[in-house]
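Novice: Okay, here's the structure, questions in a sec.
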Amino acid sequence: QEPLMESGGGSVQAGGSLRLSCATAGYTWRSNCMGWFRQAPEKEREGVAVIYPGGGNTYYADSVKGRFTISLDTAKNTMYLQMDSLKPEDPSVYYCAASPLFDCYSGSRIISGGIQTWGKGTTVTVSS
């Protein structure tokens, strides 16, 4: 089993919703922080949302604040990203990720330097 496995991607009309899931295989308990990142063709990878399992703190990119919600179900070893009010600029490959030691949020932004484990990604497309 892959350590992190995303699912739930698909195609939706602008304004619609999708929920992404990440099976974490127990990484929830071993991670300082976990999160969702995305990368569109010919663009740099972008942090979308992160969560600290220990305290439950969550942080979001400004571009998704108020529209996306990250959450953890530790009983199911699953991390979710609820995406509402999807926009044409949201399509990307979405990746879940885990950092065992280092922060995922610093200097008022989501960072990925400490990420050690990545999923393979799930694709989200939005039609206008």
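Residue numbering restarts at 1 in every chain; chains get A, B, ... in the order shown in the structure tokens, and ligands count up from 1 in that same order.
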Taking 4 positions as the minimum chain separation for residues in the same chain, which residues sit within 10 Å of stretch 30-40 of chain A when counting only C-alpha atoms? Answer as a PDB file with N, CA and C atoms, in the first residue's frame.
Specialist:
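To be explicit, this is the file written out as selection-v7.pdb:
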```
ATOM      1  N   GLU A   6      -4.420   9.452  -2.717  1.00  0.00           N
ATOM      2  CA  GLU A   6      -5.510  10.387  -2.937  1.00  0.00           C
ATOM      3  C   GLU A   6      -6.624   9.741  -3.761  1.00  0.00           C
ATOM      4  N   LEU A  20     -11.979  15.668  -1.824  1.00  0.00           N
ATOM      5  CA  LEU A  20     -10.829  14.803  -2.007  1.00  0.00           C
ATOM      6  C   LEU A  20     -10.540  14.055  -0.712  1.00  0.00           C
ATOM      7  N   CYS A  22      -7.610  11.430   1.280  1.00  0.00           N
ATOM      8  CA  CYS A  22      -6.242  10.925   1.288  1.00  0.00           C
ATOM      9  C   CYS A  22      -6.145   9.854   2.358  1.00  0.00           C
ATOM     10  N   THR A  24      -4.198   7.796   4.709  1.00  0.00           N
ATOM     11  CA  THR A  24      -2.906   8.178   5.278  1.00  0.00           C
ATOM     12  C   THR A  24      -2.099   7.025   5.860  1.00  0.00           C
ATOM     13  N   GLY A  26      -1.903   5.638   8.597  1.00  0.00           N
ATOM     14  CA  GLY A  26      -1.330   5.876   9.900  1.00  0.00           C
ATOM     15  C   GLY A  26      -0.369   7.043   9.992  1.00  0.00           C
ATOM     16  N   GLU A  44       4.098  26.468 -10.859  1.00  0.00           N
ATOM     17  CA  GLU A  44       4.775  25.917  -9.690  1.00  0.00           C
ATOM     18  C   GLU A  44       3.762  25.279  -8.741  1.00  0.00           C
ATOM     19  N   ARG A  45       4.263  24.329  -7.979  1.00  0.00           N
ATOM     20  CA  ARG A  45       3.417  23.712  -6.971  1.00  0.00           C
ATOM     21  C   ARG A  45       2.997  24.754  -5.944  1.00  0.00           C
ATOM     22  N   GLU A  46       1.756  24.645  -5.503  1.00  0.00           N
ATOM     23  CA  GLU A  46       1.180  25.622  -4.580  1.00  0.00           C
ATOM     24  C   GLU A  46       0.594  24.906  -3.369  1.00  0.00           C
ATOM     25  N   GLY A  47       0.875  25.425  -2.196  1.00  0.00           N
ATOM     26  CA  GLY A  47       0.243  24.896  -0.997  1.00  0.00           C
ATOM     27  C   GLY A  47      -1.197  25.363  -0.933  1.00  0.00           C
ATOM     28  N   VAL A  48      -2.103  24.455  -0.638  1.00  0.00           N
ATOM     29  CA  VAL A  48      -3.530  24.773  -0.613  1.00  0.00           C
ATOM     30  C   VAL A  48      -4.045  24.872   0.821  1.00  0.00           C
ATOM     31  N   ALA A  49      -3.789  23.834   1.607  1.00  0.00           N
ATOM     32  CA  ALA A  49      -4.282  23.799   2.986  1.00  0.00           C
ATOM     33  C   ALA A  49      -3.436  22.818   3.776  1.00  0.00           C
ATOM     34  N   VAL A  50      -3.202  23.134   5.042  1.00  0.00           N
ATOM     35  CA  VAL A  50      -2.440  22.240   5.906  1.00  0.00           C
ATOM     36  C   VAL A  50      -3.128  22.127   7.250  1.00  0.00           C
ATOM     37  N   ILE A  51      -2.835  21.026   7.941  1.00  0.00           N
ATOM     38  CA  ILE A  51      -3.402  20.784   9.257  1.00  0.00           C
ATOM     39  C   ILE A  51      -2.335  20.175  10.148  1.00  0.00           C
ATOM     40  N   TYR A  52      -2.361  20.562  11.416  1.00  0.00           N
ATOM     41  CA  TYR A  52      -1.472  19.999  12.412  1.00  0.00           C
ATOM     42  C   TYR A  52      -2.287  19.023  13.253  1.00  0.00           C
ATOM     43  N   PRO A  53      -2.073  17.723  13.090  1.00  0.00           N
ATOM     44  CA  PRO A  53      -2.899  16.751  13.795  1.00  0.00           C
ATOM     45  C   PRO A  53      -2.879  16.897  15.307  1.00  0.00           C
ATOM     46  N   GLY A  54      -1.755  17.308  15.844  1.00  0.00           N
ATOM     47  CA  GLY A  54      -1.661  17.397  17.292  1.00  0.00           C
ATOM     48  C   GLY A  54      -2.621  18.411  17.888  1.00  0.00           C
ATOM     49  N   GLY A  55      -2.656  19.612  17.316  1.00  0.00           N
ATOM     50  CA  GLY A  55      -3.491  20.675  17.868  1.00  0.00           C
ATOM     51  C   GLY A  55      -4.722  20.982  17.053  1.00  0.00           C
ATOM     52  N   GLY A  56      -4.757  20.455  15.833  1.00  0.00           N
ATOM     53  CA  GLY A  56      -5.912  20.698  14.974  1.00  0.00           C
ATOM     54  C   GLY A  56      -5.871  22.017  14.237  1.00  0.00           C
ATOM     55  N   ASN A  57      -4.772  22.771  14.373  1.00  0.00           N
ATOM     56  CA  ASN A  57      -4.694  24.052  13.663  1.00  0.00           C
ATOM     57  C   ASN A  57      -4.692  23.838  12.154  1.00  0.00           C
ATOM     58  N   THR A  58      -5.379  24.709  11.457  1.00  0.00           N
ATOM     59  CA  THR A  58      -5.454  24.637  10.003  1.00  0.00           C
ATOM     60  C   THR A  58      -5.059  25.975   9.384  1.00  0.00           C
ATOM     61  N   TYR A  59      -4.480  25.907   8.191  1.00  0.00           N
ATOM     62  CA  TYR A  59      -4.060  27.100   7.479  1.00  0.00           C
ATOM     63  C   TYR A  59      -4.400  26.912   6.006  1.00  0.00           C
ATOM     64  N   TYR A  60      -4.725  28.029   5.351  1.00  0.00           N
ATOM     65  CA  TYR A  60      -5.157  27.965   3.965  1.00  0.00           C
ATOM     66  C   TYR A  60      -4.450  29.010   3.120  1.00  0.00           C
ATOM     67  N   ALA A  61      -4.275  28.674   1.846  1.00  0.00           N
ATOM     68  CA  ALA A  61      -3.823  29.682   0.898  1.00  0.00           C
ATOM     69  C   ALA A  61      -4.929  30.720   0.735  1.00  0.00           C
ATOM     70  N   ILE A  70     -10.028  21.709   5.123  1.00  0.00           N
ATOM     71  CA  ILE A  70      -9.220  20.516   5.357  1.00  0.00           C
ATOM     72  C   ILE A  70      -9.639  19.893   6.681  1.00  0.00           C
ATOM     73  N   SER A  71      -9.648  18.571   6.730  1.00  0.00           N
ATOM     74  CA  SER A  71     -10.031  17.902   7.965  1.00  0.00           C
ATOM     75  C   SER A  71      -9.381  16.527   8.039  1.00  0.00           C
ATOM     76  N   LEU A  72      -9.376  15.976   9.241  1.00  0.00           N
ATOM     77  CA  LEU A  72      -8.802  14.654   9.488  1.00  0.00           C
ATOM     78  C   LEU A  72      -9.821  13.782  10.188  1.00  0.00           C
ATOM     79  N   MET A  79      -7.495  11.901   5.477  1.00  0.00           N
ATOM     80  CA  MET A  79      -7.518  13.351   5.444  1.00  0.00           C
ATOM     81  C   MET A  79      -8.403  13.770   4.276  1.00  0.00           C
ATOM     82  N   TYR A  80      -9.152  14.837   4.463  1.00  0.00           N
ATOM     83  CA  TYR A  80     -10.089  15.284   3.443  1.00  0.00           C
ATOM     84  C   TYR A  80      -9.790  16.730   3.033  1.00  0.00           C
ATOM     85  N   LEU A  81     -10.200  17.050   1.826  1.00  0.00           N
ATOM     86  CA  LEU A  81     -10.227  18.433   1.375  1.00  0.00           C
ATOM     87  C   LEU A  81     -11.585  18.655   0.721  1.00  0.00           C
ATOM     88  N   GLU A  89      -9.913  28.631 -12.090  1.00  0.00           N
ATOM     89  CA  GLU A  89      -8.479  28.624 -11.794  1.00  0.00           C
ATOM     90  C   GLU A  89      -8.066  27.546 -10.802  1.00  0.00           C
ATOM     91  N   ASP A  90      -9.023  26.736 -10.333  1.00  0.00           N
ATOM     92  CA  ASP A  90      -8.694  25.687  -9.367  1.00  0.00           C
ATOM     93  C   ASP A  90      -8.196  24.371  -9.964  1.00  0.00           C
ATOM     94  N   PRO A  91      -8.435  24.099 -11.246  1.00  0.00           N
ATOM     95  CA  PRO A  91      -8.001  22.803 -11.783  1.00  0.00           C
ATOM     96  C   PRO A  91      -6.514  22.573 -11.622  1.00  0.00           C
ATOM     97  N   SER A  92      -6.159  21.389 -11.177  1.00  0.00           N
ATOM     98  CA  SER A  92      -4.770  21.028 -10.951  1.00  0.00           C
ATOM     99  C   SER A  92      -4.711  19.548 -10.641  1.00  0.00           C
ATOM    100  N   VAL A  93      -3.520  19.066 -10.507  1.00  0.00           N
ATOM    101  CA  VAL A  93      -3.318  17.783  -9.834  1.00  0.00           C
ATOM    102  C   VAL A  93      -3.133  18.114  -8.362  1.00  0.00           C
ATOM    103  N   TYR A  94      -3.937  17.488  -7.529  1.00  0.00           N
ATOM    104  CA  TYR A  94      -3.893  17.739  -6.094  1.00  0.00           C
ATOM    105  C   TYR A  94      -3.167  16.599  -5.405  1.00  0.00           C
ATOM    106  N   TYR A  95      -2.230  16.953  -4.550  1.00  0.00           N
ATOM    107  CA  TYR A  95      -1.413  15.984  -3.847  1.00  0.00           C
ATOM    108  C   TYR A  95      -1.609  16.122  -2.340  1.00  0.00           C
ATOM    109  N   CYS A  96      -1.681  14.999  -1.649  1.00  0.00           N
ATOM    110  CA  CYS A  96      -1.611  15.073  -0.191  1.00  0.00           C
ATOM    111  C   CYS A  96      -0.172  14.790   0.226  1.00  0.00           C
ATOM    112  N   ALA A  97       0.191  15.322   1.377  1.00  0.00           N
ATOM    113  CA  ALA A  97       1.582  15.283   1.795  1.00  0.00           C
ATOM    114  C   ALA A  97       1.677  15.273   3.309  1.00  0.00           C
ATOM    115  N   ALA A  98       2.818  14.789   3.793  1.00  0.00           N
ATOM    116  CA  ALA A  98       3.036  14.712   5.236  1.00  0.00           C
ATOM    117  C   ALA A  98       4.458  15.126   5.581  1.00  0.00           C
ATOM    118  N   SER A  99       4.590  15.861   6.674  1.00  0.00           N
ATOM    119  CA  SER A  99       5.906  16.252   7.179  1.00  0.00           C
ATOM    120  C   SER A  99       6.047  15.710   8.590  1.00  0.00           C
ATOM    121  N   PRO A 100       6.988  14.788   8.811  1.00  0.00           N
ATOM    122  CA  PRO A 100       7.100  14.188  10.136  1.00  0.00           C
ATOM    123  C   PRO A 100       7.664  15.139  11.198  1.00  0.00           C
ATOM    124  N   LEU A 101       8.508  16.061  10.790  1.00  0.00           N
ATOM    125  CA  LEU A 101       9.214  16.877  11.786  1.00  0.00           C
ATOM    126  C   LEU A 101       9.022  18.375  11.597  1.00  0.00           C
ATOM    127  N   PHE A 102       9.080  18.823  10.358  1.00  0.00           N
ATOM    128  CA  PHE A 102       9.158  20.256  10.110  1.00  0.00           C
ATOM    129  C   PHE A 102       7.779  20.868   9.893  1.00  0.00           C
ATOM    130  N   ASP A 103       7.741  22.194   9.968  1.00  0.00           N
ATOM    131  CA  ASP A 103       6.495  22.912   9.813  1.00  0.00           C
ATOM    132  C   ASP A 103       6.015  22.891   8.369  1.00  0.00           C
ATOM    133  N   CYS A 104       4.692  23.007   8.220  1.00  0.00           N
ATOM    134  CA  CYS A 104       4.078  23.170   6.910  1.00  0.00           C
ATOM    135  C   CYS A 104       3.593  24.599   6.705  1.00  0.00           C
ATOM    136  N   TYR A 105       3.721  25.416   7.741  1.00  0.00           N
ATOM    137  CA  TYR A 105       3.245  26.801   7.668  1.00  0.00           C
ATOM    138  C   TYR A 105       4.234  27.674   8.420  1.00  0.00           C
ATOM    139  N   ILE A 110       2.036  28.697   3.391  1.00  0.00           N
ATOM    140  CA  ILE A 110       2.228  27.250   3.412  1.00  0.00           C
ATOM    141  C   ILE A 110       3.549  26.941   2.729  1.00  0.00           C
ATOM    142  N   ILE A 111       4.336  26.086   3.354  1.00  0.00           N
ATOM    143  CA  ILE A 111       5.647  25.740   2.825  1.00  0.00           C
ATOM    144  C   ILE A 111       5.743  24.223   2.649  1.00  0.00           C
ATOM    145  N   SER A 112       6.628  23.797   1.772  1.00  0.00           N
ATOM    146  CA  SER A 112       6.733  22.365   1.480  1.00  0.00           C
ATOM    147  C   SER A 112       8.122  21.803   1.706  1.00  0.00           C
ATOM    148  N   GLY A 114       9.703  20.866   4.259  1.00  0.00           N
ATOM    149  CA  GLY A 114       9.828  19.773   5.215  1.00  0.00           C
ATOM    150  C   GLY A 114       9.037  18.540   4.843  1.00  0.00           C
ATOM    151  N   ILE A 115       8.312  18.605   3.744  1.00  0.00           N
ATOM    152  CA  ILE A 115       7.494  17.468   3.328  1.00  0.00           C
ATOM    153  C   ILE A 115       8.403  16.316   2.914  1.00  0.00           C
ATOM    154  N   GLN A 116       8.138  15.142   3.456  1.00  0.00           N
ATOM    155  CA  GLN A 116       8.940  13.975   3.116  1.00  0.00           C
ATOM    156  C   GLN A 116       8.152  12.905   2.392  1.00  0.00           C
ATOM    157  N   THR A 117       6.835  12.983   2.477  1.00  0.00           N
ATOM    158  CA  THR A 117       6.018  11.950   1.855  1.00  0.00           C
ATOM    159  C   THR A 117       4.923  12.607   1.032  1.00  0.00           C
ATOM    160  N   TRP A 118       4.829  12.171  -0.213  1.00  0.00           N
ATOM    161  CA  TRP A 118       3.832  12.712  -1.138  1.00  0.00           C
ATOM    162  C   TRP A 118       2.981  11.580  -1.700  1.00  0.00           C
ATOM    163  N   GLY A 119       1.704  11.888  -1.940  1.00  0.00           N
ATOM    164  CA  GLY A 119       0.878  10.962  -2.692  1.00  0.00           C
ATOM    165  C   GLY A 119       1.145  11.131  -4.174  1.00  0.00           C
ATOM    166  N   GLY A 121      -1.187  11.906  -6.438  1.00  0.00           N
ATOM    167  CA  GLY A 121      -2.016  12.961  -6.987  1.00  0.00           C
ATOM    168  C   GLY A 121      -3.338  12.492  -7.547  1.00  0.00           C
ATOM    169  N   THR A 122      -4.294  13.415  -7.552  1.00  0.00           N
ATOM    170  CA  THR A 122      -5.589  13.175  -8.163  1.00  0.00           C
ATOM    171  C   THR A 122      -5.965  14.443  -8.917  1.00  0.00           C
ATOM    172  N   THR A 123      -6.562  14.286 -10.096  1.00  0.00           N
ATOM    173  CA  THR A 123      -6.782  15.422 -10.985  1.00  0.00           C
ATOM    174  C   THR A 123      -8.170  16.016 -10.810  1.00  0.00           C
ATOM    175  N   VAL A 124      -8.196  17.336 -10.731  1.00  0.00           N
ATOM    176  CA  VAL A 124      -9.449  18.083 -10.633  1.00  0.00           C
ATOM    177  C   VAL A 124      -9.555  18.998 -11.846  1.00  0.00           C
TER     178      VAL A 124
END
```
Novice: Please extract the residues of stretch 52-101 of chain A with a backbone DSSP assignment of strand (DSSP E) and present them as JSON, numbers by chain.
Specialist: {"A": [58, 59, 60, 68, 69, 70, 71, 72, 73, 78, 79, 80, 81, 82, 83, 92, 93, 94, 95, 96, 97, 98, 99]}
Novice: Work out how far atom CA of A:Arg67 is from atom CA of A:Val12, in Å to one decimal.
Specialist: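 We find that atom CA of A:Val12 and atom CA of A:Arg67 lie 14.9 Å from each other.
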Novice: Considering only C-alpha atoms, can you say which of A:Pro88, A:Lys120, A:Gln82, A:Ser127 comes closest to A:Leu18?
Specialist: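 Once distances to A:Leu18 are computed over only C-alpha atoms, the minimum belongs to A:Gln82.
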Novice: Between atom CA of A:Gly66 and atom CA of A:Thr78, what distance in Å does the model show, to one decimal?
Specialist: 21.7 Å
Novice: Nearest to A:Met5: which of A:Ser106, A:Thr125, A:Lys87, A:Ser21 is it, counting only C-alpha atoms?
Specialist: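 Checking each candidate against A:Met5, we get A:Ser21 as the closest.
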